[in-house]
file upload25.pdb (PDB, C-alpha atoms)
MODEL        1
ATOM      1  CA  MET A   7      29.799   4.817  19.498
ATOM      2  CA  THR A   8      33.133   3.010  19.184
ATOM      3  CA  ARG A   9      33.993   3.729  22.805
ATOM      4  CA  PHE A  10      30.542   2.541  23.871
ATOM      5  CA  LEU A  11      30.917  -0.740  21.981
ATOM      6  CA  PHE A  12      34.383  -1.253  23.421
ATOM      7  CA  ALA A  13      33.095  -0.657  26.942
ATOM      8  CA  LEU A  14      30.202  -3.014  26.319
ATOM      9  CA  CYS A  15      32.523  -5.746  25.082
ATOM     10  CA  CYS A  16      34.733  -5.301  28.123
ATOM     11  CA  LEU A  17      31.710  -5.581  30.396
ATOM     12  CA  VAL A  18      30.491  -8.764  28.716
ATOM     13  CA  SER A  19      33.945 -10.345  28.778
ATOM     14  CA  SER A  20      34.307  -9.479  32.462
ATOM     15  CA  VAL A  21      31.376 -11.745  33.351
ATOM     16  CA  GLN A  22      33.017 -15.028  34.253
ATOM     17  CA  ALA A  23      31.531 -18.276  33.071
ATOM     18  CA  GLN A  24      29.890 -20.129  35.929
ATOM     19  CA  THR A  25      29.556 -23.858  36.597
ATOM     20  CA  LEU A  26      26.102 -25.000  37.667
ATOM     21  CA  LEU A  27      25.664 -28.385  39.320
ATOM     22  CA  VAL A  28      22.124 -29.750  39.043
ATOM     23  CA  LEU A  29      21.320 -32.116  41.893
ATOM     24  CA  GLY A  30      17.946 -33.634  41.187
ATOM     25  CA  ASP A  31      15.819 -36.709  40.640
ATOM     26  CA  SER A  32      14.069 -38.198  37.601
ATOM     27  CA  LEU A  33      12.555 -34.832  36.643
ATOM     28  CA  SER A  34      16.088 -33.646  35.850
ATOM     29  CA  ALA A  35      17.732 -36.962  34.967
ATOM     30  CA  GLY A  36      15.848 -37.466  31.697
ATOM     31  CA  TYR A  37      13.668 -40.356  32.835
ATOM     32  CA  GLN A  38      13.218 -43.023  30.115
ATOM     33  CA  MET A  39      14.954 -40.956  27.445
ATOM     34  CA  PRO A  40      18.522 -40.500  26.183
ATOM     35  CA  ALA A  41      20.450 -38.252  28.551
ATOM     36  CA  GLU A  42      21.130 -35.749  25.778
ATOM     37  CA  GLN A  43      17.386 -35.055  25.508
ATOM     38  CA  SER A  44      17.013 -34.021  29.148
ATOM     39  CA  TRP A  45      16.529 -30.354  29.951
ATOM     40  CA  PRO A  46      19.930 -30.033  31.724
ATOM     41  CA  ALA A  47      21.701 -31.404  28.643
ATOM     42  CA  LEU A  48      19.731 -29.042  26.405
ATOM     43  CA  LEU A  49      20.598 -26.077  28.617
ATOM     44  CA  ASN A  50      24.287 -26.958  28.635
ATOM     45  CA  GLN A  51      24.172 -27.375  24.864
ATOM     46  CA  LYS A  52      22.657 -23.908  24.561
ATOM     47  CA  TRP A  53      25.413 -22.413  26.695
ATOM     48  CA  GLN A  54      28.150 -24.134  24.698
ATOM     49  CA  GLN A  55      26.636 -22.852  21.473
ATOM     50  CA  GLN A  56      26.899 -19.399  23.010
ATOM     51  CA  GLY A  57      30.640 -19.813  23.328
ATOM     52  CA  GLY A  58      30.858 -21.509  26.710
ATOM     53  CA  LYS A  59      28.755 -18.880  28.430
ATOM     54  CA  HIS A  60      28.360 -21.231  31.390
ATOM     55  CA  GLN A  61      28.759 -24.946  32.094
ATOM     56  CA  LEU A  62      26.178 -27.327  33.510
ATOM     57  CA  VAL A  63      26.983 -30.600  35.265
ATOM     58  CA  ASN A  64      23.968 -32.849  35.724
ATOM     59  CA  ALA A  65      24.297 -35.054  38.810
ATOM     60  CA  SER A  66      20.615 -36.011  38.890
ATOM     61  CA  ILE A  67      19.560 -39.634  39.442
ATOM     62  CA  SER A  68      16.109 -41.112  38.927
ATOM     63  CA  GLY A  69      14.610 -42.153  42.246
ATOM     64  CA  GLU A  70      16.970 -39.938  44.243
ATOM     65  CA  THR A  71      15.915 -38.887  47.734
ATOM     66  CA  THR A  72      17.222 -35.989  49.782
ATOM     67  CA  GLN A  73      19.098 -38.477  51.977
ATOM     68  CA  GLY A  74      20.835 -40.066  48.981
ATOM     69  CA  ALA A  75      21.765 -36.701  47.504
ATOM     70  CA  LEU A  76      23.093 -35.463  50.824
ATOM     71  CA  ALA A  77      25.415 -38.468  50.965
ATOM     72  CA  ARG A  78      26.675 -37.785  47.426
ATOM     73  CA  LEU A  79      27.036 -34.021  47.691
ATOM     74  CA  PRO A  80      30.493 -33.694  49.348
ATOM     75  CA  ALA A  81      32.153 -35.785  46.628
ATOM     76  CA  LEU A  82      30.297 -33.880  43.885
ATOM     77  CA  LEU A  83      31.417 -30.528  45.264
ATOM     78  CA  LYS A  84      35.004 -31.720  45.453
ATOM     79  CA  GLU A  85      34.999 -33.205  41.949
ATOM     80  CA  HIS A  86      33.208 -30.468  40.022
ATOM     81  CA  GLN A  87      33.891 -27.373  42.176
ATOM     82  CA  PRO A  88      30.712 -25.628  41.006
ATOM     83  CA  ASP A  89      29.895 -21.981  41.526
ATOM     84  CA  TRP A  90      26.207 -22.793  41.930
ATOM     85  CA  VAL A  91      24.128 -25.812  42.914
ATOM     86  CA  LEU A  92      20.506 -26.137  41.846
ATOM     87  CA  ILE A  93      18.685 -28.523  44.189
ATOM     88  CA  GLU A  94      15.628 -30.185  42.618
ATOM     89  CA  LEU A  95      14.829 -32.768  45.267
ATOM     90  CA  GLY A  96      12.145 -33.868  47.662
ATOM     91  CA  GLY A  97       9.633 -35.357  45.252
ATOM     92  CA  ASN A  98      10.611 -38.949  45.997
ATOM     93  CA  ASP A  99      10.604 -38.220  49.722
ATOM     94  CA  GLY A 100       7.032 -37.027  49.398
ATOM     95  CA  LEU A 101       5.894 -39.862  47.138
ATOM     96  CA  ARG A 102       7.225 -42.325  49.725
ATOM     97  CA  GLY A 103       5.489 -40.516  52.556
ATOM     98  CA  PHE A 104       8.633 -39.469  54.420
ATOM     99  CA  ALA A 105       8.076 -37.118  57.331
ATOM    100  CA  PRO A 106       8.479 -33.529  56.088
ATOM    101  CA  ALA A 107      10.913 -32.865  58.957
ATOM    102  CA  ILE A 108      13.323 -35.427  57.475
ATOM    103  CA  THR A 109      13.199 -33.789  54.052
ATOM    104  CA  ARG A 110      13.686 -30.358  55.601
ATOM    105  CA  ASP A 111      16.696 -31.487  57.652
ATOM    106  CA  ASN A 112      18.367 -33.130  54.647
ATOM    107  CA  LEU A 113      17.849 -30.084  52.447
ATOM    108  CA  ALA A 114      19.116 -27.802  55.215
ATOM    109  CA  SER A 115      22.231 -29.964  55.545
ATOM    110  CA  MET A 116      22.852 -29.688  51.806
ATOM    111  CA  VAL A 117      22.535 -25.920  51.970
ATOM    112  CA  ALA A 118      24.993 -25.854  54.882
ATOM    113  CA  LEU A 119      27.474 -27.946  52.892
ATOM    114  CA  THR A 120      27.330 -25.632  49.901
ATOM    115  CA  LYS A 121      27.703 -22.564  52.113
ATOM    116  CA  ALA A 122      30.751 -24.075  53.789
ATOM    117  CA  GLN A 123      32.322 -24.473  50.338
ATOM    118  CA  GLN A 124      31.274 -20.928  49.339
ATOM    119  CA  VAL A 125      28.975 -22.356  46.671
ATOM    120  CA  LYS A 126      25.716 -20.551  45.964
ATOM    121  CA  THR A 127      22.471 -22.513  46.052
ATOM    122  CA  VAL A 128      19.140 -22.327  44.269
ATOM    123  CA  LEU A 129      16.212 -24.299  45.658
ATOM    124  CA  THR A 130      13.445 -25.601  43.432
ATOM    125  CA  GLN A 131       9.900 -25.609  44.736
ATOM    126  CA  ILE A 132       8.511 -29.148  44.600
ATOM    127  CA  GLN A 133       4.843 -30.052  44.431
ATOM    128  CA  LEU A 134       3.176 -33.420  44.953
ATOM    129  CA  PRO A 135       0.056 -34.977  43.454
ATOM    130  CA  ARG A 136      -3.044 -33.545  45.100
ATOM    131  CA  ASN A 137      -4.165 -36.907  46.513
ATOM    132  CA  TYR A 138      -1.682 -36.891  49.399
ATOM    133  CA  GLY A 139      -3.951 -35.066  51.829
ATOM    134  CA  ALA A 140      -4.138 -31.354  52.545
ATOM    135  CA  ARG A 141      -2.207 -31.460  55.818
ATOM    136  CA  TYR A 142       0.732 -33.431  54.396
ATOM    137  CA  LEU A 143       0.825 -31.328  51.229
ATOM    138  CA  ARG A 144       0.863 -28.122  53.241
ATOM    139  CA  GLN A 145       3.671 -29.297  55.533
ATOM    140  CA  PHE A 146       5.714 -30.643  52.644
ATOM    141  CA  GLU A 147       5.350 -27.744  50.242
ATOM    142  CA  GLN A 148       6.088 -25.144  52.928
ATOM    143  CA  ILE A 149       9.565 -26.621  53.357
ATOM    144  CA  PHE A 150      10.951 -24.899  50.297
ATOM    145  CA  PRO A 151       9.900 -21.241  50.743
ATOM    146  CA  GLU A 152      10.677 -21.405  54.453
ATOM    147  CA  LEU A 153      14.139 -22.870  53.885
ATOM    148  CA  ALA A 154      14.849 -20.380  51.099
ATOM    149  CA  ALA A 155      13.781 -17.456  53.281
ATOM    150  CA  ALA A 156      15.779 -18.637  56.288
ATOM    151  CA  ASN A 157      18.950 -18.927  54.179
ATOM    152  CA  GLN A 158      18.283 -16.047  51.761
ATOM    153  CA  LEU A 159      18.305 -18.393  48.767
ATOM    154  CA  PRO A 160      16.629 -17.956  45.383
ATOM    155  CA  LEU A 161      13.553 -20.195  45.116
ATOM    156  CA  MET A 162      12.773 -21.322  41.583
ATOM    157  CA  PRO A 163       9.075 -22.029  40.914
ATOM    158  CA  PHE A 164       8.174 -25.654  40.254
ATOM    159  CA  PHE A 165       8.985 -26.079  36.575
ATOM    160  CA  MET A 166       6.377 -28.807  36.099
ATOM    161  CA  ASP A 167       3.549 -26.589  37.312
ATOM    162  CA  ASP A 168       1.363 -26.293  34.201
ATOM    163  CA  ILE A 169       3.280 -28.823  32.101
ATOM    164  CA  ALA A 170       1.805 -31.538  34.312
ATOM    165  CA  LEU A 171      -1.662 -30.384  33.216
ATOM    166  CA  ARG A 172      -0.907 -30.992  29.535
ATOM    167  CA  PRO A 173      -1.290 -34.730  28.732
ATOM    168  CA  GLU A 174       0.665 -34.419  25.494
ATOM    169  CA  LEU A 175       3.734 -33.384  27.520
ATOM    170  CA  MET A 176       3.450 -36.107  30.156
ATOM    171  CA  MET A 177       4.277 -39.798  30.211
ATOM    172  CA  ASN A 178       1.562 -42.324  30.976
ATOM    173  CA  ASP A 179       2.452 -42.324  34.668
ATOM    174  CA  GLY A 180       1.288 -38.734  34.947
ATOM    175  CA  ILE A 181       4.453 -37.785  36.847
ATOM    176  CA  HIS A 182       7.298 -37.545  34.351
ATOM    177  CA  PRO A 183       7.629 -35.109  31.445
ATOM    178  CA  THR A 184       8.203 -36.412  27.922
ATOM    179  CA  ALA A 185      11.058 -35.469  25.602
ATOM    180  CA  ALA A 186       8.743 -32.882  24.039
ATOM    181  CA  ALA A 187       8.519 -31.086  27.394
ATOM    182  CA  GLN A 188      12.289 -30.823  27.915
ATOM    183  CA  PRO A 189      12.889 -27.686  25.779
ATOM    184  CA  LEU A 190      10.075 -25.933  27.663
ATOM    185  CA  ILE A 191      11.641 -26.837  30.997
ATOM    186  CA  ARG A 192      15.068 -25.759  29.722
ATOM    187  CA  ASP A 193      13.726 -22.333  28.798
ATOM    188  CA  ARG A 194      11.971 -21.899  32.145
ATOM    189  CA  VAL A 195      15.053 -22.824  34.122
ATOM    190  CA  ALA A 196      17.267 -20.646  31.911
ATOM    191  CA  SER A 197      15.033 -17.604  32.369
ATOM    192  CA  PHE A 198      15.327 -17.977  36.151
ATOM    193  CA  ILE A 199      18.919 -19.097  36.558
ATOM    194  CA  GLU A 200      20.821 -17.094  33.947
ATOM    195  CA  PRO A 201      20.326 -13.689  35.622
ATOM    196  CA  LEU A 202      21.640 -15.194  38.862
ATOM    197  CA  LEU A 203      24.777 -16.547  37.190
ATOM    198  CA  THR A 204      25.727 -13.104  35.920
ATOM    199  CA  GLN A 205      25.453 -11.362  39.295
TER
ENDMDL
END

call {"tool": "encode", "arguments": {"input": "upload25.pdb", "output": "structure tokens"}}
result
Amino acid sequence: MTRFLFALCCLVSSVQAQTLLVLGDSLSAGYQMPAEQSWPALLNQKWQQQGGKHQLVNASISGETTQGALARLPALLKEHQPDWVLIELGGNDGLRGFAPAITRDNLASMVALTKAQQVKTVLTQIQLPRNYGARYLRQFEQIFPELAAANQLPLMPFFMDDIALRPELMMNDGIHPTAAAQPLIRDRVASFIEPLLTQ
């Protein structure tokens, strides 16, 4: 038993702490709430309470588009030198009616940048309100699984999926989650991302 515990401790200690950079929009920036209440801050707090298991850097900005994030990404990679980047972007492109091809090209360029820096990437599936028309919704929402498949990237399910259907967890605009929803989002993201960080 002693040898087993020793081996287990060695295995756990051999897993290096990873730095995750979250590149997102208002869904990850903590829209209209203190930054420390946002799900990325809560996830980083959880990791620090676990002895610095991993580190999360939140580079999300409310209103961010894929074009704006693409312009910021090289400097963010240089400054933070993350092991992983989680891209939660595209929602503002869709809400503004940008051509899906533009969103796809910007996301593909971000993936290429991370690959060039040997940084691993996770894409987040993004969904739009259902009133944008079936054809546009189909073209837009296909971007993410197709891009993930083409680049062999993990694709995280849209973390707002059923939260958006619960009025008590949504702000009056029907788009943004409240502070009460942030721990739920944290747990969903953690359950998806943590196994990847230990690979």

call {"tool": "closest_atom_pairs", "arguments": {"input": "upload25.pdb", "of": "range 27-145 of chain A", "to": "range 184-204 of chain A", "cutoff": "10 Å", "atoms": "only C-alpha atoms", "output": "CSV"}}
result
residue,atom,partner,partner_atom,distance
A:Leu33,CA,A:Gln188,CA,9.6
A:Ser34,CA,A:Gln188,CA,9.2
A:Gly36,CA,A:Ala185,CA,8.0
A:Tyr37,CA,A:Thr184,CA,8.3
A:Gln38,CA,A:Thr184,CA,8.6
A:Met39,CA,A:Ala185,CA,7.0
A:Pro40,CA,A:Ala185,CA,9.0
A:Gln43,CA,A:Ala185,CA,6.3
A:Ser44,CA,A:Gln188,CA,5.8
A:Trp45,CA,A:Gln188,CA,4.7
A:Pro46,CA,A:Arg192,CA,6.8
A:Ala47,CA,A:Arg192,CA,8.8
A:Leu48,CA,A:Arg192,CA,6.6
A:Leu49,CA,A:Arg192,CA,5.6
A:Asn50,CA,A:Arg192,CA,9.4
A:Lys52,CA,A:Arg192,CA,9.4
A:Trp53,CA,A:Ala196,CA,9.8
A:Lys59,CA,A:Glu200,CA,9.8
A:His60,CA,A:Leu203,CA,8.3
A:Asp89,CA,A:Leu203,CA,8.6
A:Trp90,CA,A:Leu203,CA,8.0
A:Leu92,CA,A:Ile199,CA,8.9
A:Lys126,CA,A:Leu203,CA,9.7
A:Val128,CA,A:Ile199,CA,8.4
A:Thr130,CA,A:Val195,CA,9.8

call {"tool": "residues_near_point", "arguments": {"input": "upload25.pdb", "point": "(24.3, -26.5, 54.8)", "cutoff": "12 Å", "atoms": "all atoms listed in the file", "output": "tab-separated table (two decimals) with C-alpha atoms, keeping the file's coordinate frame"}}
result
chain	number	residue	atom	x	y	z
A	76	LEU	CA	23.09	-35.46	50.82
A	79	LEU	CA	27.04	-34.02	47.69
A	80	PRO	CA	30.49	-33.69	49.35
A	91	VAL	CA	24.13	-25.81	42.91
A	110	ARG	CA	13.69	-30.36	55.60
A	111	ASP	CA	16.70	-31.49	57.65
A	112	ASN	CA	18.37	-33.13	54.65
A	113	LEU	CA	17.85	-30.08	52.45
A	114	ALA	CA	19.12	-27.80	55.22
A	115	SER	CA	22.23	-29.96	55.54
A	116	MET	CA	22.85	-29.69	51.81
A	117	VAL	CA	22.54	-25.92	51.97
A	118	ALA	CA	24.99	-25.85	54.88
A	119	LEU	CA	27.47	-27.95	52.89
A	120	THR	CA	27.33	-25.63	49.90
A	121	LYS	CA	27.70	-22.56	52.11
A	122	ALA	CA	30.75	-24.08	53.79
A	123	GLN	CA	32.32	-24.47	50.34
A	124	GLN	CA	31.27	-20.93	49.34
A	125	VAL	CA	28.98	-22.36	46.67
A	126	LYS	CA	25.72	-20.55	45.96
A	127	THR	CA	22.47	-22.51	46.05
A	153	LEU	CA	14.14	-22.87	53.88
A	154	ALA	CA	14.85	-20.38	51.10
A	156	ALA	CA	15.78	-18.64	56.29
A	157	ASN	CA	18.95	-18.93	54.18
A	159	LEU	CA	18.30	-18.39	48.77

call {"tool": "resolve_selection", "arguments": {"input": "upload25.pdb", "expression": "the PyMOL selection byres ((chain A and resi 63) around 8)", "output": "PyMOL selection string"}}
result
chain A and resi 25-28+46+61-62+64-65+86

call {"tool": "write_last_selection", "arguments": {"input": "upload25.pdb", "atoms": "C-alpha atoms", "output": "PDB file, keeping the file's coordinate frame"}}
result
ATOM      1  CA  THR A  25      29.556 -23.858  36.597  1.00  0.00           C
ATOM      2  CA  LEU A  26      26.102 -25.000  37.667  1.00  0.00           C
ATOM      3  CA  LEU A  27      25.664 -28.385  39.320  1.00  0.00           C
ATOM      4  CA  VAL A  28      22.124 -29.750  39.043  1.00  0.00           C
ATOM      5  CA  PRO A  46      19.930 -30.033  31.724  1.00  0.00           C
ATOM      6  CA  GLN A  61      28.759 -24.946  32.094  1.00  0.00           C
ATOM      7  CA  LEU A  62      26.178 -27.327  33.510  1.00  0.00           C
ATOM      8  CA  ASN A  64      23.968 -32.849  35.724  1.00  0.00           C
ATOM      9  CA  ALA A  65      24.297 -35.054  38.810  1.00  0.00           C
ATOM     10  CA  HIS A  86      33.208 -30.468  40.022  1.00  0.00           C
TER      11      HIS A  86
END

call {"tool": "closest_residue", "arguments": {"input": "upload25.pdb", "among": "A:Ser66, A:Ile108, A:Gln87, A:Asp31", "to": "Ile132 in chain A", "atoms": "only C-alpha atoms"}}
result
A:Asp31

call {"tool": "closest_residue", "arguments": {"input": "upload25.pdb", "among": "A:Gly180, A:Gly96, A:Pro135, A:Pro173", "to": "Gly74 in chain A", "atoms": "only C-alpha atoms"}}
result
A:Gly96

call {"tool": "resolve_selection", "arguments": {"input": "upload25.pdb", "expression": "the PyMOL selection byres ((chain A and resi 99-104) around 12)", "output": "PDB file with C-alpha atoms, keeping the file's coordinate frame"}}
result
ATOM      1  CA  ASP A  31      15.819 -36.709  40.640  1.00  0.00           C
ATOM      2  CA  GLY A  69      14.610 -42.153  42.246  1.00  0.00           C
ATOM      3  CA  GLU A  70      16.970 -39.938  44.243  1.00  0.00           C
ATOM      4  CA  THR A  71      15.915 -38.887  47.734  1.00  0.00           C
ATOM      5  CA  THR A  72      17.222 -35.989  49.782  1.00  0.00           C
ATOM      6  CA  GLN A  73      19.098 -38.477  51.977  1.00  0.00           C
ATOM      7  CA  GLY A  74      20.835 -40.066  48.981  1.00  0.00           C
ATOM      8  CA  ALA A  75      21.765 -36.701  47.504  1.00  0.00           C
ATOM      9  CA  GLU A  94      15.628 -30.185  42.618  1.00  0.00           C
ATOM     10  CA  LEU A  95      14.829 -32.768  45.267  1.00  0.00           C
ATOM     11  CA  GLY A  96      12.145 -33.868  47.662  1.00  0.00           C
ATOM     12  CA  GLY A  97       9.633 -35.357  45.252  1.00  0.00           C
ATOM     13  CA  ASN A  98      10.611 -38.949  45.997  1.00  0.00           C
ATOM     14  CA  ALA A 105       8.076 -37.118  57.331  1.00  0.00           C
ATOM     15  CA  PRO A 106       8.479 -33.529  56.088  1.00  0.00           C
ATOM     16  CA  ALA A 107      10.913 -32.865  58.957  1.00  0.00           C
ATOM     17  CA  ILE A 108      13.323 -35.427  57.475  1.00  0.00           C
ATOM     18  CA  THR A 109      13.199 -33.789  54.052  1.00  0.00           C
ATOM     19  CA  ARG A 110      13.686 -30.358  55.601  1.00  0.00           C
ATOM     20  CA  ASP A 111      16.696 -31.487  57.652  1.00  0.00           C
ATOM     21  CA  ASN A 112      18.367 -33.130  54.647  1.00  0.00           C
ATOM     22  CA  LEU A 113      17.849 -30.084  52.447  1.00  0.00           C
ATOM     23  CA  ILE A 132       8.511 -29.148  44.600  1.00  0.00           C
ATOM     24  CA  GLN A 133       4.843 -30.052  44.431  1.00  0.00           C
ATOM     25  CA  LEU A 134       3.176 -33.420  44.953  1.00  0.00           C
ATOM     26  CA  PRO A 135       0.056 -34.977  43.454  1.00  0.00           C
ATOM     27  CA  ARG A 136      -3.044 -33.545  45.100  1.00  0.00           C
ATOM     28  CA  ASN A 137      -4.165 -36.907  46.513  1.00  0.00           C
ATOM     29  CA  TYR A 138      -1.682 -36.891  49.399  1.00  0.00           C
ATOM     30  CA  GLY A 139      -3.951 -35.066  51.829  1.00  0.00           C
ATOM     31  CA  TYR A 142       0.732 -33.431  54.396  1.00  0.00           C
ATOM     32  CA  LEU A 143       0.825 -31.328  51.229  1.00  0.00           C
ATOM     33  CA  ARG A 144       0.863 -28.122  53.241  1.00  0.00           C
ATOM     34  CA  GLN A 145       3.671 -29.297  55.533  1.00  0.00           C
ATOM     35  CA  PHE A 146       5.714 -30.643  52.644  1.00  0.00           C
ATOM     36  CA  GLU A 147       5.350 -27.744  50.242  1.00  0.00           C
ATOM     37  CA  ILE A 149       9.565 -26.621  53.357  1.00  0.00           C
ATOM     38  CA  ILE A 181       4.453 -37.785  36.847  1.00  0.00           C
TER      39      ILE A 181
END

call {"tool": "atom_distance", "arguments": {"input": "upload25.pdb", "atom1": "CA of Pro183 in chain A", "atom2": "CA of Pro163 in chain A"}}
result
16.2 Å

call {"tool": "atom_distance", "arguments": {"input": "upload25.pdb", "atom1": "CA of Phe165 in chain A", "atom2": "CA of Gln131 in chain A"}}
result
8.2 Å
